[in-house]
Amino acid sequence: MKKLRAGILGATGSAGMEFVNALYDHPWLEIDGLHASPKNAGKPFSEATTFDTGHLPEGIKNRTVRSLGEIGSDYDVICSALPSDIARDVEGECARHTPVISTTSAYRYESDVPIIITEINSDHYRLIEAQRRRGWNGWVAPGPNCTTVGLVMSLHPLHQALGIRRVYMSSSQAVSGGGYSLLRRWESQRMPELPEPVRSYEPIEIRGDVRVEGNVIGHIPKEEEKVQTETGKILGNYREGMVVPADFEIECLCSRVPVVDGHYEAVFVETEKSCSAEGAAELYESANERNRDRFGSLPSSPRQTFYVLDRPPMPLYDAYIGGGMSVAVGRIQETPHGLKYQVLSNNVVKGAAKGMVQVAEYLASIGFLEAK
Ligand SMILES: NC(=O)c1ccc[n+]([C@@H]2O[C@H](COP(=O)([O-])OP(=O)(O)OC[C@H]3O[C@@H](n4cnc5c(N)ncnc54)[C@H](OP(=O)(O)O)[C@@H]3O)[C@@H](O)[C@H]2O)c1
């Protein structure tokens, strides 16, 4: 099979670097171009990115980074990891001639755009047909926000088997989810000794950037709204050219914590049918079998979708299980109204780039994505 030639936009960033990692020795796709901001255009990739490129082949490390103005129509697929504000115009322009998979929110909430997670709603790709009305020869398929991924993955088997009435979630999210500038800001704050709390009797007024080191930042702009909207859309049903969102209540609070990779979430689910913790663990094991049968041949699929743990999942230890493509669900407990548990998923791998590469693989496997 001829490999699909991929162009990566925002290649030097947190999610872009994971597109590079997912594609540099991929059996079905190959990296054909790396694009970033004007400040990095013309530089070799290893100099342009602040991430470690030591493990990459010389051909990628030395590849000259190009500007967005140099995106041609000869790629078979474009992988976008741009900031959402600029992604809107760029992805729309690219979709005129080429399919775009994206980690950005630029098109996520439009009625003719699916938010696909392979194991949950791969049939939603049929929505893409409606994008032809935009006059595009290509299309845009964005993934969810990285915080939505662990939640919706862990809810899916419960939603199917038990029905869901209401969900409450509180997240502790990794710094890499805020992009490379937040990661570097945190790095610059590191100190050899433990950071001392501010010893002020009255709450202080915070000016400028909030410290990351030694802190919990209890507000991530627009994150909670994104998780609410996306969860309904992803768990919804495709019917006659549209997605009917899943109909249950969801409330969440999202916080940033000083952790490099991996979004941790505490989840409380009110279910329609009751279920024991052991019963819920069996639902995840059955989902593992189903996913292995349906998607096990995709190169980016993990051997196992879910790891059910009897301890809490922890970012330091569990963010890279299944190569960052598996989801860890821990401490499942029955409650008077349903279940509670903790879940961890990798925000840059399953939650962004490689999750979208898996979607591209699925679309290629059904002939929806082909070489030009
Ligand atoms: N990080 C995650 O966990 C994650 C997860 C899911 C979705 N996302 C989404 O993925 C997208 C990228 O996020 P990120 O965390 O990877 O951000 P990031 O680390 O800040 O990287 C942003 C990338 O976009 C490029 N860029 C910025 N301004 C540009 C411009 N004017 N023209 C061309 N390129 C420009 C940067 O290039 P330079 O290096 O040259 O500045 C860099 O390659 C966002 O939409 C984000 O919401 C991120």
# chains A, B, ... in the order shown; residues from 1 in each chain; ligands from 1
$ select_by_dssp --residues "range 100-255 of chain A" --states "alpha helix (DSSP H)" --output "PyMOL selection string"
chain A and resi 118-121+146-162+180-189+223-234
$ closest_atom_pairs --of "range 114-192 of chain A" --to "range 305-328 of chain A" --cutoff "10 Å" --atoms "only C-alpha atoms" --output "tab-separated table"
residue	atom	partner	partner_atom	distance
A:Glu119	CA	A:Thr305	CA	8.4
A:Val149	CA	A:Val327	CA	9.1
A:Gly150	CA	A:Val327	CA	6.6
A:Leu151	CA	A:Val327	CA	9.6
A:Met153	CA	A:Val327	CA	7.6
A:Ser154	CA	A:Val327	CA	7.8
A:Ser172	CA	A:Pro315	CA	9.8
A:Gln173	CA	A:Pro315	CA	9.4
A:Ala174	CA	A:Pro315	CA	8.3
$ select_by_dssp --residues "range 106-300 of chain A" --states "strand (DSSP E)" --output "PDB file with N, CA and C atoms, in the first residue's frame"
ATOM      1  N   VAL A 140     -12.914  18.262   7.348  1.00  0.00           N
ATOM      2  CA  VAL A 140     -12.252  18.470   8.643  1.00  0.00           C
ATOM      3  C   VAL A 140     -12.844  17.488   9.648  1.00  0.00           C
ATOM      4  N   ALA A 141     -11.962  16.758  10.334  1.00  0.00           N
ATOM      5  CA  ALA A 141     -12.399  15.858  11.417  1.00  0.00           C
ATOM      6  C   ALA A 141     -11.559  16.170  12.661  1.00  0.00           C
ATOM      7  N   PRO A 142     -12.113  16.931  13.601  1.00  0.00           N
ATOM      8  CA  PRO A 142     -11.364  17.249  14.815  1.00  0.00           C
ATOM      9  C   PRO A 142     -11.595  16.202  15.901  1.00  0.00           C
ATOM     10  N   ILE A 164     -27.246   6.448  31.528  1.00  0.00           N
ATOM     11  CA  ILE A 164     -26.708   7.477  32.432  1.00  0.00           C
ATOM     12  C   ILE A 164     -27.737   8.583  32.619  1.00  0.00           C
ATOM     13  N   ARG A 165     -27.923   8.990  33.891  1.00  0.00           N
ATOM     14  CA  ARG A 165     -28.839  10.110  34.184  1.00  0.00           C
ATOM     15  C   ARG A 165     -28.063  11.410  34.388  1.00  0.00           C
ATOM     16  N   ARG A 166     -26.937  11.303  35.086  1.00  0.00           N
ATOM     17  CA  ARG A 166     -26.238  12.522  35.489  1.00  0.00           C
ATOM     18  C   ARG A 166     -24.773  12.171  35.741  1.00  0.00           C
ATOM     19  N   VAL A 167     -23.882  13.123  35.419  1.00  0.00           N
ATOM     20  CA  VAL A 167     -22.444  12.917  35.659  1.00  0.00           C
ATOM     21  C   VAL A 167     -21.862  14.154  36.332  1.00  0.00           C
ATOM     22  N   TYR A 168     -21.032  13.927  37.362  1.00  0.00           N
ATOM     23  CA  TYR A 168     -20.233  15.002  37.957  1.00  0.00           C
ATOM     24  C   TYR A 168     -18.769  14.617  37.808  1.00  0.00           C
ATOM     25  N   MET A 169     -17.954  15.572  37.393  1.00  0.00           N
ATOM     26  CA  MET A 169     -16.530  15.255  37.196  1.00  0.00           C
ATOM     27  C   MET A 169     -15.679  16.412  37.695  1.00  0.00           C
ATOM     28  N   SER A 170     -14.573  16.072  38.345  1.00  0.00           N
ATOM     29  CA  SER A 170     -13.584  17.086  38.744  1.00  0.00           C
ATOM     30  C   SER A 170     -12.226  16.643  38.221  1.00  0.00           C
ATOM     31  N   SER A 171     -11.554  17.509  37.456  1.00  0.00           N
ATOM     32  CA  SER A 171     -10.303  17.109  36.799  1.00  0.00           C
ATOM     33  C   SER A 171      -9.082  17.725  37.459  1.00  0.00           C
ATOM     34  N   SER A 172      -7.956  17.034  37.346  1.00  0.00           N
ATOM     35  CA  SER A 172      -6.628  17.555  37.703  1.00  0.00           C
ATOM     36  C   SER A 172      -5.773  17.349  36.460  1.00  0.00           C
ATOM     37  N   GLN A 173      -5.523  18.425  35.734  1.00  0.00           N
ATOM     38  CA  GLN A 173      -4.988  18.300  34.382  1.00  0.00           C
ATOM     39  C   GLN A 173      -3.514  18.673  34.284  1.00  0.00           C
ATOM     40  N   ASN A 237     -26.148   9.798  18.930  1.00  0.00           N
ATOM     41  CA  ASN A 237     -26.379   8.843  17.842  1.00  0.00           C
ATOM     42  C   ASN A 237     -26.430   9.561  16.500  1.00  0.00           C
ATOM     43  N   TYR A 238     -25.772   8.943  15.506  1.00  0.00           N
ATOM     44  CA  TYR A 238     -25.874   9.461  14.135  1.00  0.00           C
ATOM     45  C   TYR A 238     -27.201   9.002  13.545  1.00  0.00           C
ATOM     46  N   ARG A 239     -28.024   9.973  13.125  1.00  0.00           N
ATOM     47  CA  ARG A 239     -29.313   9.628  12.506  1.00  0.00           C
ATOM     48  C   ARG A 239     -29.606  10.573  11.361  1.00  0.00           C
ATOM     49  N   MET A 242     -27.420  13.717  10.852  1.00  0.00           N
ATOM     50  CA  MET A 242     -27.081  14.560  12.011  1.00  0.00           C
ATOM     51  C   MET A 242     -26.786  13.698  13.243  1.00  0.00           C
ATOM     52  N   VAL A 243     -26.145  14.334  14.219  1.00  0.00           N
ATOM     53  CA  VAL A 243     -25.882  13.627  15.472  1.00  0.00           C
ATOM     54  C   VAL A 243     -26.841  14.167  16.526  1.00  0.00           C
ATOM     55  N   VAL A 244     -27.607  13.239  17.110  1.00  0.00           N
ATOM     56  CA  VAL A 244     -28.516  13.610  18.207  1.00  0.00           C
ATOM     57  C   VAL A 244     -27.741  13.394  19.504  1.00  0.00           C
ATOM     58  N   GLU A 249     -27.428  14.938  32.146  1.00  0.00           N
ATOM     59  CA  GLU A 249     -26.807  16.143  32.728  1.00  0.00           C
ATOM     60  C   GLU A 249     -25.341  15.890  33.022  1.00  0.00           C
ATOM     61  N   ILE A 250     -24.533  16.900  32.822  1.00  0.00           N
ATOM     62  CA  ILE A 250     -23.125  16.756  33.176  1.00  0.00           C
ATOM     63  C   ILE A 250     -22.610  18.070  33.761  1.00  0.00           C
ATOM     64  N   GLU A 251     -21.969  17.968  34.911  1.00  0.00           N
ATOM     65  CA  GLU A 251     -21.367  19.127  35.571  1.00  0.00           C
ATOM     66  C   GLU A 251     -19.907  18.812  35.821  1.00  0.00           C
ATOM     67  N   CYS A 252     -19.021  19.801  35.592  1.00  0.00           N
ATOM     68  CA  CYS A 252     -17.619  19.518  35.893  1.00  0.00           C
ATOM     69  C   CYS A 252     -16.886  20.756  36.364  1.00  0.00           C
ATOM     70  N   LEU A 253     -15.763  20.513  37.038  1.00  0.00           N
ATOM     71  CA  LEU A 253     -14.833  21.555  37.466  1.00  0.00           C
ATOM     72  C   LEU A 253     -13.455  21.112  36.996  1.00  0.00           C
ATOM     73  N   CYS A 254     -12.737  22.004  36.321  1.00  0.00           N
ATOM     74  CA  CYS A 254     -11.455  21.612  35.730  1.00  0.00           C
ATOM     75  C   CYS A 254     -10.313  22.416  36.332  1.00  0.00           C
ATOM     76  N   SER A 255      -9.263  21.728  36.753  1.00  0.00           N
ATOM     77  CA  SER A 255      -8.106  22.377  37.385  1.00  0.00           C
ATOM     78  C   SER A 255      -6.808  21.922  36.731  1.00  0.00           C
ATOM     79  N   ARG A 256      -5.823  22.815  36.766  1.00  0.00           N
ATOM     80  CA  ARG A 256      -4.472  22.493  36.276  1.00  0.00           C
ATOM     81  C   ARG A 256      -3.593  22.188  37.475  1.00  0.00           C
ATOM     82  N   HIS A 263      -4.133  13.526  32.203  1.00  0.00           N
ATOM     83  CA  HIS A 263      -5.268  14.196  32.863  1.00  0.00           C
ATOM     84  C   HIS A 263      -5.976  13.183  33.755  1.00  0.00           C
ATOM     85  N   TYR A 264      -6.092  13.536  35.042  1.00  0.00           N
ATOM     86  CA  TYR A 264      -6.722  12.680  36.045  1.00  0.00           C
ATOM     87  C   TYR A 264      -8.103  13.267  36.342  1.00  0.00           C
ATOM     88  N   GLU A 265      -9.118  12.394  36.454  1.00  0.00           N
ATOM     89  CA  GLU A 265     -10.476  12.891  36.700  1.00  0.00           C
ATOM     90  C   GLU A 265     -11.185  12.028  37.745  1.00  0.00           C
ATOM     91  N   ALA A 266     -11.870  12.683  38.672  1.00  0.00           N
ATOM     92  CA  ALA A 266     -12.729  11.972  39.630  1.00  0.00           C
ATOM     93  C   ALA A 266     -14.152  12.081  39.090  1.00  0.00           C
ATOM     94  N   VAL A 267     -14.820  10.917  38.930  1.00  0.00           N
ATOM     95  CA  VAL A 267     -16.104  10.889  38.225  1.00  0.00           C
ATOM     96  C   VAL A 267     -17.188  10.249  39.097  1.00  0.00           C
ATOM     97  N   PHE A 268     -18.343  10.886  39.163  1.00  0.00           N
ATOM     98  CA  PHE A 268     -19.519  10.344  39.859  1.00  0.00           C
ATOM     99  C   PHE A 268     -20.624  10.205  38.819  1.00  0.00           C
ATOM    100  N   VAL A 269     -21.134   8.980  38.642  1.00  0.00           N
ATOM    101  CA  VAL A 269     -22.135   8.738  37.602  1.00  0.00           C
ATOM    102  C   VAL A 269     -23.428   8.238  38.233  1.00  0.00           C
ATOM    103  N   GLU A 270     -24.522   8.911  37.925  1.00  0.00           N
ATOM    104  CA  GLU A 270     -25.838   8.419  38.333  1.00  0.00           C
ATOM    105  C   GLU A 270     -26.358   7.580  37.174  1.00  0.00           C
ATOM    106  N   THR A 271     -26.592   6.291  37.417  1.00  0.00           N
ATOM    107  CA  THR A 271     -26.987   5.401  36.319  1.00  0.00           C
ATOM    108  C   THR A 271     -28.470   5.042  36.418  1.00  0.00           C
TER     109      THR A 271
END
$ closest_residue --among "A:Gly163, A:Pro157, A:Pro38, A:Gly177" --to "Gly16 in chain A" --atoms "only C-alpha atoms"
A:Gly177
$ closest_residue --among "A:Glu110, A:Glu193, A:Glu278, A:Glu285" --to "Lys233 in chain A" --atoms "only C-alpha atoms"
A:Glu110
$ closest_residue --among "A:Gly7, A:Gly54, A:Pro195, A:Pro299" --to "Asn215 in chain A" --atoms "only C-alpha atoms"
A:Pro195
$ residues_around --residues "Phe295 in chain A" --least-positions-apart "6" --cutoff "12 Å" --atoms "only C-alpha atoms" --output "list in words"
Ile117, Thr118, Glu119, Ile120, Ser122, Ala287, Asn288, Glu289, Ser301, Pro302, Arg303, Gln304, Thr305, Gln358, Val359, Glu361, Tyr362, Leu363, Ser365 and Ile366 of chain A
$ atom_distance --atom1 "CA of Glu30 in chain A" --atom2 "CA of Gly355 in chain A"
16.5 Å
$ residues_near_ligand --ligand "ligand 1" --cutoff "6 Å" --atoms "only C-alpha atoms and all ligand atoms" --output "PyMOL selection string"
chain A and resi 10-16+36-37+39-40+49+68+81-84+103-104+145-146+176-181+347-348+351-352
$ closest_residue --among "A:Gly367, A:Arg290, A:Lys3, A:Gly42" --to "Pro27 in chain A" --atoms "only C-alpha atoms"
A:Lys3
$ residues_around --residues "Arg96 in chain A" --least-positions-apart "3" --cutoff "7 Å" --atoms "only C-alpha atoms" --output "VMD selection string"
chain A and resid 92 to 93 136 to 138
$ residues_around --residues "Pro57 in chain A" --least-positions-apart "3" --cutoff "8 Å" --atoms "only C-alpha atoms" --output "list in words"
Tyr24, Ile60 and Lys61 of chain A
$ write_last_selection --atoms "all heavy atoms" --output "CSV table (one decimal), in the first residue's frame"
chain,number,residue,atom,x,y,z
A,24,TYR,N,6.4,9.1,12.6
A,24,TYR,CA,7.7,9.1,12.0
A,24,TYR,C,8.1,7.7,11.5
A,24,TYR,O,8.9,7.5,10.6
A,24,TYR,CB,8.8,9.7,12.9
A,24,TYR,CG,9.3,8.9,14.1
A,24,TYR,CD1,10.3,7.9,13.9
A,24,TYR,CD2,8.8,9.1,15.3
A,24,TYR,CE1,10.7,7.2,15.0
A,24,TYR,CE2,9.2,8.4,16.4
A,24,TYR,CZ,10.2,7.4,16.2
A,24,TYR,OH,10.6,6.7,17.3
A,60,ILE,N,14.1,13.5,9.9
A,60,ILE,CA,13.0,14.3,10.6
A,60,ILE,C,13.7,15.5,11.4
A,60,ILE,O,13.3,16.6,11.3
A,60,ILE,CB,12.1,13.5,11.5
A,60,ILE,CG1,11.5,12.3,10.7
A,60,ILE,CG2,11.1,14.4,12.2
A,60,ILE,CD1,10.5,12.8,9.7
A,61,LYS,N,14.7,15.1,12.1
A,61,LYS,CA,15.4,16.2,12.9
A,61,LYS,C,15.9,17.3,12.1
A,61,LYS,O,15.8,18.5,12.5
A,61,LYS,CB,16.6,15.5,13.7
A,61,LYS,CG,16.2,14.8,14.9
A,61,LYS,CD,17.4,14.6,15.8
A,61,LYS,CE,18.2,13.4,15.4
A,61,LYS,NZ,19.2,13.0,16.4
$ closest_residue --among "A:Ser188, A:Ser67, A:Gln160, A:Ser111" --to "Pro245 in chain A" --atoms "only C-alpha atoms"
A:Ser111
$ residues_around --residues "Ile31 in chain A" --least-positions-apart "2" --cutoff "8 Å" --atoms "only C-alpha atoms" --output "list in words"
Arg5, Ala6, Gly7, Ile8, Val20, Leu23, Tyr24, Leu29, Gly33 and Leu34 of chain A
$ write_last_selection --atoms "all heavy atoms" --output "tab-separated table (two decimals), in the first residue's frame"
chain	number	residue	atom	x	y	z
A	5	ARG	N	0.77	10.69	2.45
A	5	ARG	CA	1.72	11.75	2.80
A	5	ARG	C	1.03	12.79	3.70
A	5	ARG	O	0.02	13.38	3.31
A	5	ARG	CB	2.24	12.43	1.53
A	5	ARG	CG	3.23	11.53	0.75
A	5	ARG	CD	3.45	12.01	-0.63
A	5	ARG	NE	2.16	12.20	-1.30
A	5	ARG	CZ	1.91	13.12	-2.22
A	5	ARG	NH1	2.84	13.97	-2.59
A	5	ARG	NH2	0.72	13.21	-2.77
A	6	ALA	N	1.61	12.97	4.87
A	6	ALA	CA	0.98	13.84	5.87
A	6	ALA	C	1.77	15.13	6.07
A	6	ALA	O	3.00	15.10	6.16
A	6	ALA	CB	0.87	13.10	7.20
A	7	GLY	N	1.06	16.23	6.15
A	7	GLY	CA	1.66	17.51	6.54
A	7	GLY	C	1.20	17.82	7.96
A	7	GLY	O	0.02	17.67	8.27
A	8	ILE	N	2.13	18.22	8.82
A	8	ILE	CA	1.78	18.51	10.22
A	8	ILE	C	1.86	20.02	10.46
A	8	ILE	O	2.91	20.63	10.22
A	8	ILE	CB	2.73	17.77	11.20
A	8	ILE	CG1	2.71	16.26	10.92
A	8	ILE	CG2	2.35	18.06	12.65
A	8	ILE	CD1	3.67	15.43	11.78
A	20	VAL	N	4.26	14.07	15.30
A	20	VAL	CA	5.56	13.62	14.76
A	20	VAL	C	5.89	12.25	15.33
A	20	VAL	O	6.25	11.31	14.60
A	20	VAL	CB	6.67	14.65	15.08
A	20	VAL	CG1	8.04	14.12	14.66
A	20	VAL	CG2	6.37	15.99	14.41
A	23	LEU	N	3.85	9.47	13.80
A	23	LEU	CA	3.95	9.24	12.35
A	23	LEU	C	5.34	8.92	11.83
A	23	LEU	O	5.48	8.47	10.69
A	23	LEU	CB	3.42	10.47	11.59
A	23	LEU	CG	1.93	10.78	11.74
A	23	LEU	CD1	1.54	11.98	10.89
A	23	LEU	CD2	1.08	9.57	11.32
A	24	TYR	N	6.41	9.13	12.63
A	24	TYR	CA	7.74	9.07	12.01
A	24	TYR	C	8.13	7.67	11.52
A	24	TYR	O	8.90	7.54	10.58
A	24	TYR	CB	8.82	9.71	12.88
A	24	TYR	CG	9.30	8.89	14.06
A	24	TYR	CD1	10.28	7.91	13.91
A	24	TYR	CD2	8.79	9.12	15.33
A	24	TYR	CE1	10.71	7.18	15.00
A	24	TYR	CE2	9.23	8.39	16.42
A	24	TYR	CZ	10.18	7.41	16.24
A	24	TYR	OH	10.61	6.68	17.31
A	29	LEU	N	1.29	5.84	7.03
A	29	LEU	CA	1.41	7.28	6.73
A	29	LEU	C	2.88	7.68	6.85
A	29	LEU	O	3.65	7.04	7.57
A	29	LEU	CB	0.61	8.12	7.73
A	29	LEU	CG	-0.90	8.03	7.66
A	29	LEU	CD1	-1.42	7.06	8.71
A	29	LEU	CD2	-1.54	9.39	7.90
A	33	GLY	N	5.74	17.01	5.51
A	33	GLY	CA	6.03	18.42	5.76
A	33	GLY	C	5.73	18.80	7.19
A	33	GLY	O	4.81	18.25	7.80
A	34	LEU	N	6.55	19.71	7.73
A	34	LEU	CA	6.36	20.19	9.10
A	34	LEU	C	6.19	21.70	9.03
A	34	LEU	O	7.01	22.39	8.42
A	34	LEU	CB	7.61	19.86	9.95
A	34	LEU	CG	7.99	18.37	10.05
A	34	LEU	CD1	9.37	18.21	10.69
A	34	LEU	CD2	6.94	17.61	10.85
$ closest_residue --among "A:Val227, A:Val212, A:Cys275, A:Ala371" --to "Val260 in chain A" --atoms "only C-alpha atoms"
A:Val212
